[in-house]
file model_36.cif (mmCIF, C-alpha atoms)
data_start
#
loop_
_atom_site.label_atom_id
_atom_site.label_comp_id
_atom_site.auth_asym_id
_atom_site.auth_seq_id
_atom_site.Cartn_x
_atom_site.Cartn_y
_atom_site.Cartn_z
CA MET A 1 -54.41 -11.50 15.29
CA PRO A 2 -53.32 -9.75 12.03
CA ASP A 3 -52.08 -6.83 14.16
CA GLN A 4 -49.92 -9.21 16.18
CA ILE A 5 -48.52 -10.74 13.01
CA LEU A 6 -47.76 -7.24 11.69
CA THR A 7 -46.11 -6.30 14.98
CA LEU A 8 -44.07 -9.48 14.87
CA TYR A 9 -43.12 -8.74 11.27
CA GLN A 10 -42.02 -5.25 12.28
CA THR A 11 -39.57 -6.70 14.78
CA THR A 12 -37.72 -8.49 11.98
CA GLY A 13 -35.08 -7.00 9.73
CA PHE A 14 -37.17 -7.80 6.64
CA PHE A 15 -39.52 -4.90 7.42
CA TYR A 16 -36.69 -2.39 7.28
CA LEU A 17 -34.94 -3.63 4.16
CA THR A 18 -34.38 -0.96 1.52
CA PRO A 19 -33.44 -1.23 -2.17
CA GLY A 20 -30.10 0.43 -1.30
CA MET A 21 -29.29 -2.41 1.09
CA ALA A 22 -30.03 -4.95 -1.63
CA VAL A 23 -27.64 -3.11 -3.95
CA MET A 24 -24.97 -3.25 -1.23
CA TRP A 25 -25.55 -7.00 -0.85
CA LEU A 26 -24.85 -7.34 -4.55
CA ILE A 27 -21.61 -5.38 -4.14
CA GLY A 28 -20.62 -7.48 -1.13
CA LEU A 29 -21.44 -10.72 -2.94
CA THR A 30 -19.46 -9.54 -5.99
CA LEU A 31 -16.38 -8.99 -3.81
CA ILE A 32 -16.85 -12.42 -2.21
CA TYR A 33 -17.19 -13.94 -5.70
CA LEU A 34 -14.03 -12.17 -6.95
CA ALA A 35 -12.12 -13.35 -3.87
CA ILE A 36 -13.23 -16.99 -4.11
CA ALA A 37 -13.63 -17.57 -7.85
CA LYS A 38 -10.97 -15.21 -9.24
CA ASN A 39 -8.54 -15.19 -6.29
CA TYR A 40 -8.46 -11.35 -6.31
CA GLU A 41 -6.82 -10.30 -3.00
CA PRO A 42 -8.91 -12.94 -1.20
CA LEU A 43 -7.40 -12.27 2.22
CA LEU A 44 -8.96 -8.82 2.25
CA LEU A 45 -11.80 -8.85 -0.26
CA LEU A 46 -13.46 -11.88 1.37
CA PRO A 47 -13.84 -10.33 4.85
CA ILE A 48 -14.61 -6.91 3.30
CA GLY A 49 -17.38 -8.45 1.17
CA PHE A 50 -18.85 -10.22 4.18
CA GLY A 51 -18.55 -7.03 6.24
CA ILE A 52 -20.61 -5.21 3.59
CA LEU A 53 -23.35 -7.84 3.85
CA LEU A 54 -23.42 -7.54 7.65
CA ALA A 55 -23.45 -3.74 7.62
CA ASN A 56 -26.54 -3.76 5.45
CA LEU A 57 -28.68 -6.00 7.61
CA PRO A 58 -31.20 -3.79 9.42
CA LEU A 59 -31.49 -4.07 13.22
CA SER A 60 -28.33 -6.19 13.50
CA GLY A 61 -26.67 -3.38 15.41
CA LEU A 62 -23.24 -4.70 14.53
CA MET A 63 -22.01 -1.21 13.64
CA GLU A 64 -23.99 0.56 16.37
CA PRO A 65 -21.60 3.06 18.00
CA ASN A 66 -20.45 1.96 21.47
CA GLU A 67 -22.45 -1.26 21.27
CA GLY A 68 -21.97 -3.19 18.04
CA LEU A 69 -19.36 -5.95 17.85
CA ILE A 70 -17.90 -4.88 14.51
CA TRP A 71 -18.03 -1.22 15.56
CA ARG A 72 -15.70 -2.17 18.43
CA PHE A 73 -13.29 -3.80 15.98
CA TYR A 74 -13.48 -0.64 13.87
CA HIS A 75 -13.14 1.79 16.74
CA TYR A 76 -10.39 0.11 18.72
CA GLY A 77 -8.61 -1.44 15.76
CA ILE A 78 -8.75 1.19 13.03
CA GLN A 79 -9.76 4.49 14.61
CA TRP A 80 -7.24 3.93 17.38
CA GLU A 81 -4.62 3.30 14.68
CA ILE A 82 -3.68 -0.16 15.94
CA ILE A 83 -4.36 -2.58 13.09
CA PRO A 84 -2.61 -0.85 10.13
CA PRO A 85 0.67 -0.50 12.09
CA LEU A 86 0.43 -4.17 13.13
CA ILE A 87 0.01 -5.12 9.47
CA PHE A 88 3.17 -3.11 8.83
CA LEU A 89 4.98 -5.06 11.56
CA GLY A 90 4.19 -8.23 9.62
CA LEU A 91 5.13 -6.66 6.30
CA GLY A 92 8.46 -5.57 7.74
CA ALA A 93 9.13 -9.10 8.95
CA LEU A 94 8.36 -10.38 5.45
CA THR A 95 10.41 -7.78 3.56
CA ASP A 96 13.94 -8.36 2.31
CA PHE A 97 15.61 -5.01 1.72
CA GLY A 98 18.62 -6.77 0.16
CA PRO A 99 17.75 -5.90 -3.48
CA LEU A 100 17.30 -2.24 -2.53
CA LEU A 101 20.52 -2.07 -0.52
CA ALA A 102 22.44 -3.74 -3.34
CA ASN A 103 21.24 -1.15 -5.85
CA PRO A 104 20.24 1.95 -3.84
CA ARG A 105 19.61 4.24 -6.81
CA LEU A 106 16.46 2.20 -7.49
CA ILE A 107 15.00 3.87 -4.40
CA PHE A 108 14.22 6.89 -6.59
CA LEU A 109 11.87 4.80 -8.71
CA GLY A 110 9.87 4.16 -5.55
CA ALA A 111 9.77 7.93 -5.03
CA GLY A 112 8.86 8.64 -8.67
CA ALA A 113 5.86 6.38 -8.45
CA GLN A 114 4.36 8.65 -5.77
CA VAL A 115 3.77 11.40 -8.33
CA GLY A 116 0.41 9.79 -9.16
CA VAL A 117 -0.66 10.22 -5.54
CA TYR A 118 -0.23 13.98 -5.72
CA VAL A 119 -1.58 14.43 -9.25
CA ALA A 120 -4.76 12.52 -8.31
CA PHE A 121 -4.95 14.56 -5.08
CA PHE A 122 -4.85 17.74 -7.11
CA PHE A 123 -7.53 16.63 -9.57
CA ALA A 124 -9.78 15.35 -6.78
CA GLN A 125 -9.58 18.75 -5.15
CA VAL A 126 -10.34 20.47 -8.45
CA ILE A 127 -13.52 18.46 -8.99
CA GLY A 128 -14.87 19.33 -5.57
CA PHE A 129 -13.52 16.99 -2.89
CA ASP A 130 -12.11 18.79 0.14
CA LEU A 131 -8.37 18.57 0.84
CA SER A 132 -8.62 15.70 3.34
CA GLU A 133 -10.84 13.64 1.05
CA ALA A 134 -8.61 14.39 -1.94
CA SER A 135 -5.54 13.18 -0.04
CA VAL A 136 -7.16 9.83 0.78
CA ILE A 137 -8.25 9.41 -2.85
CA GLY A 138 -4.74 10.28 -4.03
CA ILE A 139 -3.07 7.74 -1.76
CA ILE A 140 -4.94 4.95 -3.60
CA GLY A 141 -2.33 5.53 -6.34
CA GLY A 142 0.33 4.18 -3.99
CA ALA A 143 -1.45 0.80 -4.16
CA ASP A 144 -0.92 0.26 -0.46
CA GLY A 145 -4.05 -0.91 1.36
CA PRO A 146 -3.00 -0.49 5.02
CA THR A 147 -1.61 3.00 4.37
CA THR A 148 -4.82 4.00 2.58
CA ILE A 149 -6.87 2.76 5.55
CA PHE A 150 -4.55 4.47 8.02
CA LEU A 151 -4.82 7.81 6.24
CA ALA A 152 -8.58 7.53 5.67
CA ALA A 153 -9.23 6.71 9.33
CA ASN A 154 -7.32 9.85 10.28
CA LEU A 155 -8.50 12.33 7.66
CA SER A 156 -11.74 11.13 6.05
CA PRO A 157 -13.37 8.20 7.84
CA GLN A 158 -16.44 8.53 5.62
CA LEU A 159 -14.33 7.48 2.62
CA LEU A 160 -12.58 4.61 4.38
CA GLY A 161 -14.61 1.77 2.92
CA SER A 162 -14.75 2.95 -0.67
CA CYS A 163 -11.07 3.97 -0.78
CA ALA A 164 -9.94 0.68 0.82
CA VAL A 165 -11.96 -1.36 -1.66
CA ALA A 166 -10.60 0.75 -4.54
CA ALA A 167 -7.01 0.29 -3.32
CA TYR A 168 -7.30 -3.48 -2.86
CA SER A 169 -9.19 -3.87 -6.15
CA TYR A 170 -6.47 -2.07 -8.09
CA MET A 171 -3.77 -4.03 -6.25
CA ALA A 172 -5.49 -7.21 -7.36
CA MET A 173 -5.67 -5.88 -10.92
CA VAL A 174 -1.97 -4.97 -11.19
CA PRO A 175 -1.38 -7.74 -13.79
CA ILE A 176 -4.20 -6.30 -15.91
CA ILE A 177 -3.62 -2.55 -15.48
CA GLN A 178 0.17 -2.26 -15.61
CA PRO A 179 1.36 -4.24 -18.68
CA PRO A 180 -0.38 -2.06 -21.31
CA ILE A 181 1.07 1.10 -19.71
CA MET A 182 4.52 -0.49 -19.54
CA LYS A 183 4.41 -1.49 -23.20
CA LEU A 184 3.06 1.89 -24.26
CA LEU A 185 5.82 3.86 -22.54
CA THR A 186 8.81 1.66 -23.39
CA THR A 187 10.35 0.40 -26.60
CA GLU A 188 11.20 -3.25 -27.25
CA SER A 189 14.92 -2.49 -26.90
CA GLU A 190 14.37 -0.71 -23.57
CA ARG A 191 12.47 -3.70 -22.24
CA LYS A 192 15.42 -5.89 -23.20
CA ILE A 193 17.92 -3.89 -21.13
CA LYS A 194 19.72 -6.29 -18.82
CA MET A 195 20.55 -5.03 -15.36
CA LYS A 196 24.19 -5.27 -14.31
CA LYS A 197 25.03 -7.65 -11.49
CA VAL A 198 24.97 -5.84 -8.18
CA ARG A 199 27.33 -6.09 -5.23
CA LYS A 200 26.74 -8.44 -2.32
CA VAL A 201 25.05 -6.89 0.70
CA ASN A 202 26.67 -7.74 4.03
CA ARG A 203 24.70 -8.64 7.13
CA LEU A 204 25.62 -5.48 9.00
CA GLU A 205 24.03 -3.35 6.29
CA LYS A 206 20.79 -5.27 6.57
CA LEU A 207 20.90 -4.83 10.35
CA PHE A 208 21.64 -1.11 10.21
CA PHE A 209 19.04 -0.28 7.56
CA PRO A 210 15.84 -0.62 9.65
CA ILE A 211 17.39 1.30 12.53
CA VAL A 212 18.87 4.14 10.49
CA SER A 213 15.88 4.52 8.18
CA ALA A 214 13.39 4.52 11.09
CA LEU A 215 15.38 7.27 12.80
CA LEU A 216 15.74 9.39 9.66
CA ILE A 217 12.19 9.08 8.32
CA ILE A 218 10.53 9.63 11.69
CA LEU A 219 12.74 12.65 12.36
CA LEU A 220 11.88 14.07 8.93
CA ILE A 221 8.15 13.26 8.96
CA PRO A 222 7.02 12.45 12.51
CA ALA A 223 3.45 11.76 11.35
CA SER A 224 4.67 8.66 9.54
CA ALA A 225 5.97 7.19 12.82
CA PRO A 226 3.25 4.59 13.55
CA LEU A 227 3.69 2.85 10.21
CA ILE A 228 7.45 3.27 9.72
CA ALA A 229 8.25 2.32 13.33
CA MET A 230 6.36 -0.97 13.09
CA PHE A 231 7.62 -1.68 9.56
CA MET A 232 11.24 -1.30 10.57
CA LEU A 233 10.78 -3.15 13.87
CA GLY A 234 9.40 -6.13 11.93
CA ASN A 235 12.37 -5.94 9.58
CA LEU A 236 14.81 -5.74 12.49
CA PHE A 237 13.22 -8.92 13.93
CA ARG A 238 13.87 -10.58 10.58
CA GLU A 239 17.43 -9.43 10.09
CA ALA A 240 18.57 -9.84 13.71
CA LYS A 241 18.01 -13.62 13.35
CA VAL A 242 17.90 -14.00 17.12
CA VAL A 243 14.13 -13.68 17.60
CA GLU A 244 12.85 -16.32 15.21
CA ARG A 245 9.69 -16.80 17.27
CA LEU A 246 8.82 -13.11 17.07
CA THR A 247 9.62 -13.00 13.35
CA ASN A 248 7.42 -16.02 12.69
CA ALA A 249 4.62 -14.62 14.83
CA ALA A 250 4.74 -11.25 13.05
CA GLN A 251 4.85 -12.92 9.62
CA ASN A 252 2.11 -15.46 10.26
CA GLU A 253 -0.15 -15.58 13.32
CA LEU A 254 -0.27 -11.85 14.05
CA MET A 255 -0.57 -10.90 10.38
CA ASN A 256 -3.42 -13.35 9.85
CA ILE A 257 -5.32 -12.27 12.94
CA VAL A 258 -5.09 -8.55 12.23
CA THR A 259 -6.05 -9.15 8.59
CA ILE A 260 -9.37 -10.61 9.80
CA PHE A 261 -9.99 -7.66 12.09
CA LEU A 262 -9.04 -5.21 9.34
CA GLY A 263 -11.18 -6.54 6.50
CA LEU A 264 -14.42 -7.08 8.39
CA PRO A 265 -14.83 -3.57 9.87
CA VAL A 266 -13.61 -1.91 6.67
CA GLY A 267 -16.42 -3.68 4.79
CA ALA A 268 -18.86 -2.83 7.56
CA THR A 269 -18.25 0.91 7.10
CA MET A 270 -19.91 0.60 3.69
CA ASN A 271 -23.61 0.96 4.37
CA ALA A 272 -26.04 2.01 1.67
CA ASP A 273 -26.44 5.55 3.01
CA THR A 274 -22.74 6.39 2.86
CA PHE A 275 -21.68 4.30 -0.13
CA LEU A 276 -24.37 4.75 -2.76
CA LYS A 277 -23.40 8.24 -3.83
CA SER A 278 -22.04 9.63 -7.06
CA ASP A 279 -18.83 10.52 -5.17
CA VAL A 280 -17.92 6.85 -4.96
CA ILE A 281 -17.80 6.53 -8.75
CA PHE A 282 -15.39 9.49 -8.85
CA ILE A 283 -13.29 7.86 -6.11
CA PHE A 284 -12.88 4.71 -8.20
CA ILE A 285 -12.10 6.70 -11.38
CA LEU A 286 -9.60 8.96 -9.60
CA GLY A 287 -8.06 5.99 -7.81
CA LEU A 288 -7.48 4.26 -11.14
CA PHE A 289 -6.13 7.50 -12.58
CA ALA A 290 -3.71 7.80 -9.62
CA PHE A 291 -2.55 4.24 -10.12
CA VAL A 292 -1.98 4.74 -13.86
CA ILE A 293 -0.04 7.97 -13.26
CA SER A 294 2.06 6.32 -10.53
CA THR A 295 2.99 3.47 -12.86
CA SER A 296 3.76 5.88 -15.69
CA SER A 297 5.79 8.30 -13.58
CA GLY A 298 7.97 5.46 -12.26
CA ILE A 299 8.72 4.29 -15.81
CA LEU A 300 9.35 7.81 -17.10
CA LEU A 301 11.67 8.57 -14.18
CA ALA A 302 13.72 5.46 -15.01
CA LYS A 303 13.99 6.67 -18.62
CA PHE A 304 15.00 10.11 -17.38
CA ILE A 305 17.73 8.67 -15.14
CA ASN A 306 19.01 6.70 -18.15
CA LEU A 307 19.70 9.98 -19.95
CA PHE A 308 22.44 10.76 -17.45
CA THR A 309 23.93 7.39 -16.50
CA LYS A 310 26.11 4.82 -18.20
CA ARG A 311 24.68 1.89 -16.28
CA LYS A 312 21.20 1.85 -17.81
CA ILE A 313 18.14 0.91 -15.80
CA ASN A 314 15.48 -1.22 -17.44
CA PRO A 315 12.60 1.31 -17.38
CA LEU A 316 10.11 -1.45 -16.63
CA LEU A 317 11.50 -1.40 -13.09
CA GLY A 318 9.84 2.00 -12.62
CA ALA A 319 6.43 0.32 -12.70
CA ALA A 320 7.43 -1.66 -9.60
CA GLY A 321 7.66 1.62 -7.68
CA VAL A 322 4.00 1.27 -6.68
CA SER A 323 3.72 -0.54 -3.38
CA ALA A 324 1.79 -3.65 -4.46
CA VAL A 325 4.41 -6.08 -3.13
CA PRO A 326 5.35 -8.44 -4.72
CA MET A 327 2.71 -8.36 -7.45
CA ALA A 328 4.13 -5.30 -9.26
CA ALA A 329 7.66 -6.79 -9.23
CA ARG A 330 6.32 -10.06 -10.68
CA VAL A 331 4.52 -8.18 -13.44
CA VAL A 332 7.75 -6.33 -14.31
CA HIS A 333 9.57 -9.66 -14.48
CA LYS A 334 6.88 -11.16 -16.72
CA VAL A 335 6.83 -8.24 -19.16
CA GLY A 336 10.65 -8.24 -19.24
CA MET A 337 10.66 -11.96 -20.02
CA GLU A 338 8.22 -11.40 -22.87
CA ALA A 339 10.81 -9.13 -24.50
CA ASP A 340 13.79 -11.36 -23.73
CA LYS A 341 13.43 -14.78 -22.17
CA ARG A 342 16.82 -14.49 -20.45
CA ASN A 343 16.07 -11.15 -18.82
CA TYR A 344 15.46 -11.91 -15.13
CA LEU A 345 14.20 -8.73 -13.54
CA LEU A 346 12.42 -10.04 -10.44
CA MET A 347 15.24 -9.47 -7.93
CA TYR A 348 15.93 -5.99 -9.30
CA ALA A 349 12.23 -5.08 -9.32
CA MET A 350 11.95 -5.90 -5.62
CA GLY A 351 14.17 -2.88 -4.91
CA PRO A 352 11.80 -0.17 -6.19
CA ASN A 353 8.86 -2.27 -4.99
CA VAL A 354 9.88 -2.09 -1.31
CA ALA A 355 11.03 1.52 -1.80
CA GLY A 356 7.48 2.22 -3.02
CA VAL A 357 6.09 1.05 0.33
CA ILE A 358 8.33 3.53 2.15
CA GLY A 359 7.51 6.25 -0.41
CA THR A 360 3.76 5.80 0.08
CA VAL A 361 4.11 5.95 3.86
CA ILE A 362 6.12 9.16 3.54
CA ALA A 363 3.46 10.59 1.19
CA ALA A 364 0.76 9.69 3.73
CA GLY A 365 2.86 11.22 6.51
CA VAL A 366 3.13 14.49 4.59
CA PHE A 367 -0.65 14.57 4.12
CA LEU A 368 -1.17 13.93 7.83
CA THR A 369 1.30 16.64 8.77
CA LEU A 370 -0.31 19.24 6.53
CA LEU A 371 -3.98 18.30 6.86
CA GLY A 372 -4.34 16.32 10.09
CA MET B 1 -6.78 26.06 -4.74
CA ASN B 2 -3.72 27.72 -3.22
CA ASP B 3 -3.83 25.23 -0.34
CA ALA B 4 -3.96 22.35 -2.82
CA ILE B 5 -0.95 23.69 -4.70
CA ALA B 6 0.94 24.10 -1.41
CA VAL B 7 0.12 20.50 -0.38
CA PHE B 8 1.04 19.26 -3.86
CA ILE B 9 4.46 20.94 -3.83
CA SER B 10 5.15 20.07 -0.17
CA GLY B 11 4.18 16.48 -0.82
CA ILE B 12 6.44 15.99 -3.83
CA ALA B 13 9.26 17.77 -2.00
CA GLY B 14 8.70 15.71 1.17
CA VAL B 15 8.84 12.38 -0.66
CA ALA B 16 11.87 13.45 -2.71
CA CYS B 17 13.66 14.68 0.40
CA GLY B 18 12.81 11.54 2.42
CA MET B 19 13.98 9.19 -0.30
CA THR B 20 17.16 11.18 -0.96
CA LEU B 21 17.98 11.06 2.74
CA LEU B 22 17.39 7.32 2.71
CA TYR B 23 19.58 6.92 -0.37
CA ALA B 24 22.39 8.85 1.30
CA SER B 25 22.05 6.81 4.48
CA ILE B 26 22.23 3.54 2.51
CA LYS B 27 25.38 4.69 0.72
CA ILE B 28 27.03 5.82 3.97
CA THR B 29 25.99 2.63 5.79
CA ALA B 30 27.42 0.54 2.95
CA LYS B 31 30.75 2.36 3.16
CA VAL B 32 30.91 2.11 6.97
CA THR B 33 29.98 -1.57 7.09
CA ASP B 34 32.40 -2.44 4.27
CA PHE B 35 35.14 -0.71 6.24
CA MET B 36 34.16 -2.59 9.40
CA GLU B 37 34.19 -5.91 7.53
CA GLN B 38 37.63 -5.16 6.07
CA LYS B 39 38.99 -4.28 9.51
CA LYS B 40 37.54 -7.46 10.93
CA GLU B 41 39.10 -9.55 8.17
CA ALA B 42 42.45 -7.79 8.63
CA GLY B 43 42.21 -8.49 12.36
CA ASN B 44 41.48 -12.16 11.74
CA ALA B 45 44.42 -12.42 9.32
#
call {"tool": "encode", "arguments": {"input": "model_36.cif", "output": "structure tokens"}}
result
Amino acid sequence: MPDQILTLYQTTGFFYLTPGMAVMWLIGLTLIYLAIAKNYEPLLLLPIGFGILLANLPLSGLMEPNEGLIWRFYHYGIQWEIIPPLIFLGLGALTDFGPLLANPRLIFLGAGAQVGVYVAFFFAQVIGFDLSEASVIGIIGGADGPTTIFLAANLSPQLLGSCAVAAYSYMAMVPIIQPPIMKLLTTESERKIKMKKVRKVNRLEKLFFPIVSALLIILLIPASAPLIAMFMLGNLFREAKVVERLTNAAQNELMNIVTIFLGLPVGATMNADTFLKSDVIFIFILGLFAFVISTSSGILLAKFINLFTKRKINPLLGAAGVSAVPMAARVVHKVGMEADKRNYLLMYAMGPNVAGVIGTVIAAGVFLTLLG
Amino acid sequence: MNDAIAVFISGIAGVACGMTLLYASIKITAKVTDFMEQKKEAGNA
């Protein structure tokens, strides 16, 4: 009888539980708590947190290759490069390039903010990560979750979970991380700089932009095609104004569905064996470092441009060059308002903010071209 | 290390080149579409 009870016990997951799995539960529960109680990127951190719990339940088989349910989501959705481009389709349909087209020189702030990606890449390589791993760690600095996942799935699948969580965590913490850097690198008078009114953008420009930019960027960096193609198609839906149903579907239903199937498998890649390593701590530190450098380089580039132009740019706008849309632009607006209550920077900050998305995709495309 | 430096330089150059190309295309598109709008308005008048 006791043997039968023992045998029965051994068929349950309880028998195979390890301390590492319990630690992962704590991490998963923490993410769920942050999503629900603190509203930190809940759309992603909630399914990621639950995915972590599921991945650390012995015998569940959910991530069993070729068999598990969540493994199928992961394999066909992420490894086959389907879900991140679909997220970009929705992002494109949600993005208004008007502020960027009205003030095109702000595009360079989106480029400047990619410096952190490459600096973090370099340091990650120096401390012992291989080139592919270092590139995925560096891209965290772009603060673009889908691009980080896309690159990780291609170059370093073993880092996918930790890098995705780092990217989304730092995106959620933009209002905490960026303001001290912005205040440190700018003077009160610089923060008070008012942006000049910009010209009106006509409809044709908005229609041409997704077509022309898709052609140019894909010709220059073909590896960026999956993300840029979908991003610009979504934007063309939006600006064409003749496919409202498709625009709405891309913005809402499709975006929501793919978000579910993105978060859950990303969380499920984080089992105790692959996640509980000292490397993960370095990934989070380097990711934060990348994000800080990206914010700083955007601000410093704006100050540098101001040395040569009459129409001064408020250097705070440089901080919006990271891709966390629209959070980074809102933070710029808030810090600008603290310096001068009549300084409305939100519309201007959206320019470098959307340029940052394109810049991060180009950076990822370069990594894929050189290391893929 | 040499590979890392090569990727670093290529990466910065790639992003700078891509964004400059995009900047130029925005400027050219703005000029072309402004011209088209003006022609259209002149035609209507």
call {"tool": "residues_near_point", "arguments": {"input": "model_36.cif", "point": "(-11.4, 19.0, -7.7)", "cutoff": "12 Å", "atoms": "all atoms listed in the file", "output": "number ranges by chain"}}
result
A: 119-135, 137-138, 279, 282-283, 286; B: 1, 4-5
call {"tool": "residues_around", "arguments": {"input": "model_36.cif", "residues": "range 28-41 of chain B", "least_positions_apart": "3", "cutoff": "9 Å", "atoms": "only C-alpha atoms", "output": "PDB file with C-alpha atoms, keeping the file's coordinate frame"}}
result
ATOM      1  CA  LEU A 101      20.520  -2.070  -0.520  1.00  0.00           C
ATOM      2  CA  VAL A 201      25.050  -6.890   0.700  1.00  0.00           C
ATOM      3  CA  ASN A 202      26.670  -7.740   4.030  1.00  0.00           C
ATOM      4  CA  ARG A 203      24.700  -8.640   7.130  1.00  0.00           C
ATOM      5  CA  LEU A 204      25.620  -5.480   9.000  1.00  0.00           C
ATOM      6  CA  GLU A 205      24.030  -3.350   6.290  1.00  0.00           C
ATOM      7  CA  PHE A 208      21.640  -1.110  10.210  1.00  0.00           C
ATOM      8  CA  PHE A 209      19.040  -0.280   7.560  1.00  0.00           C
ATOM      9  CA  VAL A 212      18.870   4.140  10.490  1.00  0.00           C
TER      10      VAL A 212
ATOM     11  CA  TYR B  23      19.580   6.920  -0.370  1.00  0.00           C
ATOM     12  CA  ALA B  24      22.390   8.850   1.300  1.00  0.00           C
ATOM     13  CA  SER B  25      22.050   6.810   4.480  1.00  0.00           C
ATOM     14  CA  ASN B  44      41.480 -12.160  11.740  1.00  0.00           C
ATOM     15  CA  ALA B  45      44.420 -12.420   9.320  1.00  0.00           C
TER      16      ALA B  45
END
call {"tool": "interface_residues", "arguments": {"input": "model_36.cif", "of": "chain A", "to": "chain B", "cutoff": "6 Å", "atoms": "all atoms listed in the file", "output": "MDAnalysis selection string"}}
result
chainID A and resid 118 362:363 366
call {"tool": "write_last_selection", "arguments": {"input": "model_36.cif", "atoms": "C-alpha atoms", "output": "PDB file, in the frame of the given file"}}
result
ATOM      1  CA  TYR A 118      -0.230  13.980  -5.720  1.00  0.00           C
ATOM      2  CA  ILE A 362       6.120   9.160   3.540  1.00  0.00           C
ATOM      3  CA  ALA A 363       3.460  10.590   1.190  1.00  0.00           C
ATOM      4  CA  VAL A 366       3.130  14.490   4.590  1.00  0.00           C
TER       5      VAL A 366
END
call {"tool": "resolve_selection", "arguments": {"input": "model_36.cif", "expression": "the PyMOL selection byres ((chain A and resi 59) around 8)", "output": "number ranges by chain"}}
result
A: 12-13, 57-58, 60-61
call {"tool": "atom_distance", "arguments": {"input": "model_36.cif", "atom1": "CA of Gly145 in chain A", "atom2": "CA of Glu67 in chain A"}}
result
27.1 Å
call {"tool": "resolve_selection", "arguments": {"input": "model_36.cif", "expression": "the PyMOL selection byres ((chain A and resi 324) around 8)", "output": "PDB file with C-alpha atoms, keeping the file's coordinate frame"}}
result
ATOM      1  CA  GLY A 142       0.330   4.180  -3.990  1.00  0.00           C
ATOM      2  CA  ALA A 143      -1.450   0.800  -4.160  1.00  0.00           C
ATOM      3  CA  ASP A 144      -0.920   0.260  -0.460  1.00  0.00           C
ATOM      4  CA  MET A 171      -3.770  -4.030  -6.250  1.00  0.00           C
ATOM      5  CA  VAL A 174      -1.970  -4.970 -11.190  1.00  0.00           C
ATOM      6  CA  ALA A 320       7.430  -1.660  -9.600  1.00  0.00           C
ATOM      7  CA  VAL A 322       4.000   1.270  -6.680  1.00  0.00           C
ATOM      8  CA  SER A 323       3.720  -0.540  -3.380  1.00  0.00           C
ATOM      9  CA  VAL A 325       4.410  -6.080  -3.130  1.00  0.00           C
ATOM     10  CA  PRO A 326       5.350  -8.440  -4.720  1.00  0.00           C
ATOM     11  CA  MET A 327       2.710  -8.360  -7.450  1.00  0.00           C
ATOM     12  CA  ALA A 328       4.130  -5.300  -9.260  1.00  0.00           C
ATOM     13  CA  ASN A 353       8.860  -2.270  -4.990  1.00  0.00           C
ATOM     14  CA  VAL A 357       6.090   1.050   0.330  1.00  0.00           C
TER      15      VAL A 357
END
call {"tool": "atom_distance", "arguments": {"input": "model_36.cif", "atom1": "CA of Met24 in chain A", "atom2": "CA of Leu8 in chain A"}}
result
25.7 Å
call {"tool": "resolve_selection", "arguments": {"input": "model_36.cif", "expression": "the PyMOL selection byres ((chain A and resi 97) around 9)", "output": "CSV table (one decimal) with C-alpha atoms, keeping the file's coordinate frame"}}
result
chain,number,residue,atom,x,y,z
A,95,THR,CA,10.4,-7.8,3.6
A,96,ASP,CA,13.9,-8.4,2.3
A,98,GLY,CA,18.6,-6.8,0.2
A,99,PRO,CA,17.8,-5.9,-3.5
A,100,LEU,CA,17.3,-2.2,-2.5
A,101,LEU,CA,20.5,-2.1,-0.5
A,102,ALA,CA,22.4,-3.7,-3.3
A,206,LYS,CA,20.8,-5.3,6.6
A,209,PHE,CA,19.0,-0.3,7.6
A,235,ASN,CA,12.4,-5.9,9.6
A,350,MET,CA,12.0,-5.9,-5.6
A,351,GLY,CA,14.2,-2.9,-4.9
A,354,VAL,CA,9.9,-2.1,-1.3
A,355,ALA,CA,11.0,1.5,-1.8
call {"tool": "closest_residue", "arguments": {"input": "model_36.cif", "among": "A:Glu253, A:Glu41, A:Glu81, A:Asp340", "to": "Lys192 in chain A", "atoms": "all atoms listed in the file"}}
result
A:Asp340
call {"tool": "residues_near_point", "arguments": {"input": "model_36.cif", "point": "(11.4, -3.1, -14.7)", "cutoff": "7 Å", "atoms": "all atoms listed in the file", "output": "number ranges by chain"}}
result
A: 314-320, 332-333, 336, 345, 349
call {"tool": "atom_distance", "arguments": {"input": "model_36.cif", "atom1": "CA of Ala272 in chain A", "atom2": "CA of Gly51 in chain A"}}
result
12.6 Å
call {"tool": "closest_residue", "arguments": {"input": "model_36.cif", "among": "A:Met173, A:Ile78, A:Ile5, A:Val165", "to": "Ile48 in chain A", "atoms": "only C-alpha atoms"}}
result
A:Val165
call {"tool": "residues_around", "arguments": {"input": "model_36.cif", "residues": "Leu151 in chain A", "least_positions_apart": "6", "cutoff": "9 Å", "atoms": "all atoms listed in the file", "output": "list of chain:residue names"}}
result
A:Ser135, A:Val136, A:Ile139, A:Pro157, A:Leu160, A:Ala364, A:Gly365, A:Phe367, A:Leu368
call {"tool": "closest_residue", "arguments": {"input": "model_36.cif", "among": "A:Leu246, A:Ile70, A:Val258, A:Leu220", "to": "Leu43 in chain A", "atoms": "all atoms listed in the file"}}
result
A:Val258
call {"tool": "closest_residue", "arguments": {"input": "model_36.cif", "among": "A:Pro179, A:Glu244, A:Ile211, A:Leu53", "to": "Ile27 in chain A", "atoms": "all atoms listed in the file"}}
result
A:Leu53
